[in-house]
$ cat query38.txt   # compact mmCIF, C-alpha atoms
# COMPACT_ATOMS: atom_id res chain seq x y z
CA MET A 15 -24.43 1.68 7.07
CA ILE A 16 -21.09 3.20 6.17
CA GLU A 17 -19.64 1.75 2.99
CA VAL A 18 -16.12 0.54 3.51
CA ILE A 19 -13.26 -0.26 1.23
CA THR A 20 -10.82 -3.01 2.08
CA LEU A 21 -7.25 -2.20 1.13
CA VAL A 22 -4.66 -4.98 1.11
CA ILE A 23 -0.98 -4.25 0.63
CA TYR A 24 1.62 -6.97 0.65
CA ASP A 25 5.34 -7.57 0.59
CA ILE A 26 6.01 -11.21 -0.21
CA THR A 27 9.42 -12.47 -1.21
CA ASP A 28 8.51 -15.74 -2.91
CA ASN A 29 7.19 -15.26 -6.45
CA LYS A 30 4.85 -18.22 -6.37
CA LEU A 31 3.37 -17.28 -3.01
CA ARG A 32 2.98 -13.66 -4.09
CA LEU A 33 1.11 -14.76 -7.20
CA GLU A 34 -1.11 -17.03 -5.15
CA VAL A 35 -2.04 -14.18 -2.83
CA ALA A 36 -2.77 -11.87 -5.77
CA LYS A 37 -5.01 -14.48 -7.40
CA TYR A 38 -6.83 -15.04 -4.14
CA LEU A 39 -7.49 -11.34 -3.63
CA LYS A 40 -8.78 -11.04 -7.17
CA LYS A 41 -10.98 -14.10 -6.76
CA LEU A 42 -12.56 -12.56 -3.66
CA GLY A 43 -13.53 -9.54 -5.72
CA LEU A 44 -10.80 -7.02 -4.99
CA THR A 45 -9.20 -4.99 -7.77
CA ARG A 46 -5.49 -4.52 -8.27
CA ILE A 47 -4.59 -0.88 -7.71
CA GLN A 48 -0.80 -1.37 -7.65
CA LYS A 49 1.63 -4.18 -8.24
CA SER A 50 1.30 -5.28 -4.63
CA ALA A 51 -1.96 -3.67 -3.57
CA PHE A 52 -5.61 -4.54 -4.03
CA ALA A 53 -8.72 -2.68 -2.96
CA GLY A 54 -12.46 -2.96 -3.17
CA GLN A 55 -15.80 -3.12 -1.47
CA LEU A 56 -16.52 -6.50 0.06
CA PRO A 57 -19.64 -7.89 1.70
CA ARG A 58 -19.00 -8.54 5.38
CA ALA A 59 -18.78 -12.32 4.90
CA LYS A 60 -16.14 -11.91 2.21
CA ARG A 61 -14.18 -9.56 4.44
CA THR A 62 -14.03 -12.23 7.13
CA GLU A 63 -13.18 -14.86 4.54
CA LEU A 64 -10.38 -12.63 3.23
CA GLU A 65 -8.49 -12.55 6.49
CA ALA A 66 -8.98 -16.24 7.19
CA GLY A 67 -8.00 -17.14 3.64
CA LEU A 68 -4.84 -15.08 3.76
CA ARG A 69 -3.83 -16.65 7.06
CA ARG A 70 -4.43 -20.07 5.56
CA ILE A 71 -2.35 -19.34 2.45
CA LEU A 72 0.48 -17.84 4.48
CA LYS A 73 0.57 -20.54 7.13
CA ASN A 74 3.90 -22.38 7.12
CA GLN A 75 5.39 -19.81 4.76
CA ASP A 76 8.20 -17.35 5.45
CA ASN A 77 9.09 -13.78 4.60
CA TYR A 78 5.79 -12.07 4.12
CA ASN A 79 4.09 -8.94 5.39
CA VAL A 80 0.45 -8.48 4.49
CA GLN A 81 -1.61 -5.58 5.79
CA ILE A 82 -5.37 -5.22 5.61
CA TYR A 83 -6.88 -1.77 6.05
CA THR A 84 -10.56 -1.02 6.44
CA LEU A 85 -11.22 2.42 5.03
CA THR A 86 -14.35 4.47 4.71
CA LYS A 87 -15.29 5.00 1.08
CA GLN A 88 -14.55 8.69 1.57
CA THR A 89 -11.05 8.01 2.86
CA TYR A 90 -10.42 5.83 -0.16
CA GLU A 91 -11.80 8.37 -2.59
CA ASN A 92 -9.78 11.15 -1.01
CA ARG A 93 -6.51 9.37 -1.65
CA VAL A 94 -4.07 11.18 -3.89
CA VAL A 95 -2.77 9.20 -6.85
CA ILE A 96 0.32 10.37 -8.71
CA ALA A 97 0.74 8.01 -11.63
CA LYS A 98 2.08 7.62 -15.12
CA GLY A 99 2.54 4.69 -17.46
CA LYS A 100 1.24 1.96 -15.18
CA THR A 101 -1.94 0.00 -15.71
CA TYR A 102 -3.27 -2.84 -13.66
CA GLU A 103 -5.52 -5.38 -15.34
CA GLU A 104 -9.02 -4.32 -16.26
CA GLU A 105 -9.88 -1.87 -13.56
CA PRO A 106 -13.53 -1.01 -13.16
CA GLU A 107 -14.43 2.53 -14.16
CA GLU A 108 -14.98 3.69 -10.59
CA ILE A 109 -11.47 2.82 -9.50
CA LEU A 110 -9.76 4.42 -12.47
CA ILE A 111 -7.63 7.34 -11.48
CA MET B 15 -8.17 17.78 16.27
CA ILE B 16 -8.23 14.27 14.87
CA GLU B 17 -4.78 12.76 14.61
CA VAL B 18 -4.13 11.44 11.16
CA ILE B 19 -1.66 8.99 9.70
CA THR B 20 -0.33 9.46 6.21
CA LEU B 21 0.11 6.20 4.33
CA VAL B 22 2.12 6.19 1.11
CA ILE B 23 2.27 3.11 -1.12
CA TYR B 24 4.22 3.07 -4.33
CA ASP B 25 4.92 0.97 -7.39
CA ILE B 26 7.95 2.37 -9.19
CA THR B 27 9.78 0.43 -11.88
CA ASP B 28 13.13 2.21 -11.88
CA ASN B 29 15.41 1.14 -9.01
CA LYS B 30 17.09 4.50 -8.64
CA LEU B 31 13.85 6.44 -8.67
CA ARG B 32 12.28 4.02 -6.20
CA LEU B 33 15.22 4.45 -3.85
CA GLU B 34 15.00 8.23 -4.17
CA VAL B 35 11.32 8.17 -3.24
CA ALA B 36 11.99 5.89 -0.27
CA LYS B 37 14.75 8.18 1.00
CA TYR B 38 12.53 11.21 0.60
CA LEU B 39 9.67 9.64 2.55
CA LYS B 40 12.05 8.66 5.32
CA LYS B 41 13.58 12.12 5.39
CA LEU B 42 10.15 13.66 5.83
CA GLY B 43 9.64 11.53 8.91
CA LEU B 44 7.64 8.58 7.68
CA THR B 45 8.49 5.03 8.71
CA ARG B 46 8.85 2.12 6.36
CA ILE B 47 6.12 -0.41 7.06
CA GLN B 48 6.66 -2.55 3.94
CA LYS B 49 9.12 -2.71 1.09
CA SER B 50 7.08 -0.17 -0.86
CA ALA B 51 5.00 1.47 1.85
CA PHE B 52 5.66 4.16 4.43
CA ALA B 53 3.40 5.57 7.11
CA GLY B 54 3.48 8.07 9.92
CA GLN B 55 2.07 11.12 11.58
CA LEU B 56 3.08 14.34 9.86
CA PRO B 57 2.53 17.96 10.82
CA ARG B 58 0.23 19.64 8.31
CA ALA B 59 3.05 21.54 6.63
CA LYS B 60 5.02 18.34 6.09
CA ARG B 61 1.94 16.67 4.64
CA THR B 62 1.67 19.42 2.04
CA GLU B 63 5.39 19.25 1.42
CA LEU B 64 5.13 15.49 0.93
CA GLU B 65 2.76 15.71 -1.98
CA ALA B 66 4.61 18.56 -3.63
CA GLY B 67 7.94 16.83 -3.12
CA LEU B 68 6.73 13.57 -4.62
CA ARG B 69 5.33 15.39 -7.66
CA ARG B 70 8.67 17.15 -8.06
CA ILE B 71 10.67 13.92 -7.84
CA LEU B 72 8.35 12.10 -10.25
CA LYS B 73 8.13 14.89 -12.79
CA ASN B 74 9.56 13.84 -16.14
CA GLN B 75 9.76 10.23 -14.98
CA ASP B 76 7.85 7.23 -16.30
CA ASN B 77 6.22 4.12 -14.94
CA TYR B 78 5.22 5.02 -11.44
CA ASN B 79 2.11 4.85 -9.32
CA VAL B 80 2.23 6.52 -5.94
CA GLN B 81 -0.79 6.71 -3.68
CA ILE B 82 -1.17 8.86 -0.57
CA TYR B 83 -3.86 7.97 1.93
CA THR B 84 -4.91 10.10 4.87
CA LEU B 85 -6.14 7.80 7.61
CA THR B 86 -7.45 8.45 11.07
CA LYS B 87 -5.14 7.09 13.71
CA GLN B 88 -7.85 4.62 14.63
CA THR B 89 -8.13 3.32 11.07
CA TYR B 90 -4.38 2.85 11.01
CA GLU B 91 -4.28 1.10 14.36
CA ASN B 92 -7.14 -1.17 13.35
CA ARG B 93 -5.25 -2.53 10.39
CA VAL B 94 -4.56 -6.23 10.43
CA VAL B 95 -0.94 -7.23 9.91
CA ILE B 96 -0.09 -10.81 9.00
CA ALA B 97 3.67 -11.02 8.95
CA LYS B 98 6.65 -13.27 9.39
CA GLY B 99 10.36 -12.90 8.79
CA LYS B 100 10.33 -9.35 7.46
CA THR B 101 11.82 -6.34 9.18
CA TYR B 102 12.12 -2.89 7.72
CA GLU B 103 13.62 -0.03 9.67
CA GLU B 104 16.94 -1.53 10.67
CA GLU B 105 17.98 -2.54 7.19
CA PRO B 106 20.00 -0.17 5.05
CA GLU B 107 18.03 1.32 2.18
CA GLU B 108 20.22 -0.35 -0.41
CA ILE B 109 19.20 -3.88 0.36
CA LEU B 110 15.50 -3.07 0.58
CA ILE B 111 15.06 -2.73 -3.15

$ encode --input "query38.txt" --output "structure tokens"
Amino acid sequence: MIEVITLVIYDITDNKLRLEVAKYLKKLGLTRIQKSAFAGQLPRAKRTELEAGLRRILKNQDNYNVQIYTLTKQTYENRVVIAKGKTYEEEPEEILI
Amino acid sequence: MIEVITLVIYDITDNKLRLEVAKYLKKLGLTRIQKSAFAGQLPRAKRTELEAGLRRILKNQDNYNVQIYTLTKQTYENRVVIAKGKTYEEEPEEILI
């Protein structure tokens, strides 16, 4: 089975809603890789839960754009990161740049 | 040849630098798909130029994290978008900060 990485990027205007989404993504097991982006390997059930949970949180809200990408592990690992002076929580070793 | 989509997501603290990066990505032919994300199909030469150009713009700057993903067109098209009340391309750069 091909290992996949779920990448979630979001643009959410409301501070409280944005924080709620971030907490939810973290709770599901994703790791913050940018201010408004999380990524990680999820079991299939969690992946399904992720989408349903996001739709539930965003229901009846306004001004949001959330995108969920399913990447092969290779695609994720081949990403190019140009970074300086930004850290995001306690990132696991394998996601460190 | 497999068609690929270049996805760029960024977290840049400085307003002016962030705007400069956004303008550069647009100039190269990418389309804004979120406040801090652009995507699009680029000829190989432009793809190389993109990375070099971003490194040039970010050189001697601080507090940035820019990530470039190379996705198959299928991976891009299979993304899930949950959105409401946000539009990107029509708005002038200045109010997208």

$ closest_residue --input "query38.txt" --among "A:Ser50, A:Leu72, A:Val35, A:Asp28" --to "A:Tyr102" --atoms "all atoms listed in the file"
A:Ser50

$ closest_residue --input "query38.txt" --among "A:Asn92, A:Thr20, A:Asn77, A:Thr45" --to "A:Thr62" --atoms "only C-alpha atoms"
A:Thr20

$ atom_distance --input "query38.txt" --atom1 "atom CA of A:Tyr83" --atom2 "atom CA of B:Val22"
13.0 Å

$ atom_distance --input "query38.txt" --atom1 "atom CA of B:Val80" --atom2 "atom CA of A:Ile96"
5.1 Å

$ calpha_fit_rmsd --input "query38.txt" --fixed "chain B" --moving "chain A"
4.8 Å

$ residues_around --input "query38.txt" --residues "A:Arg93" --least-positions-apart "6" --cutoff "7 Å" --atoms "all atoms listed in the file" --output "CSV table (one decimal) with C-alpha atoms, in the frame of the given file"
chain,number,residue,atom,x,y,z
B,81,GLN,CA,-0.8,6.7,-3.7
B,82,ILE,CA,-1.2,8.9,-0.6
B,83,TYR,CA,-3.9,8.0,1.9
B,84,THR,CA,-4.9,10.1,4.9

$ interface_residues --input "query38.txt" --of "chain B" --to "chain A" --cutoff "12 Å" --atoms "all atoms listed in the file" --output "MDAnalysis selection string"
chainID B and resid 18:27 46:52 61:62 64:102 110:111

$ atom_distance --input "query38.txt" --atom1 "atom CA of A:Lys30" --atom2 "atom CA of B:Ala36"
25.9 Å

$ axis_aligned_box --input "query38.txt" --around "stretch 84-97 of chain A" --padding-each-side "8 Å" --output "JSON"
{"center_x": -7.3, "center_y": 5.1, "center_z": -2.6, "size_x": 32.0, "size_y": 28.2, "size_z": 34.1}
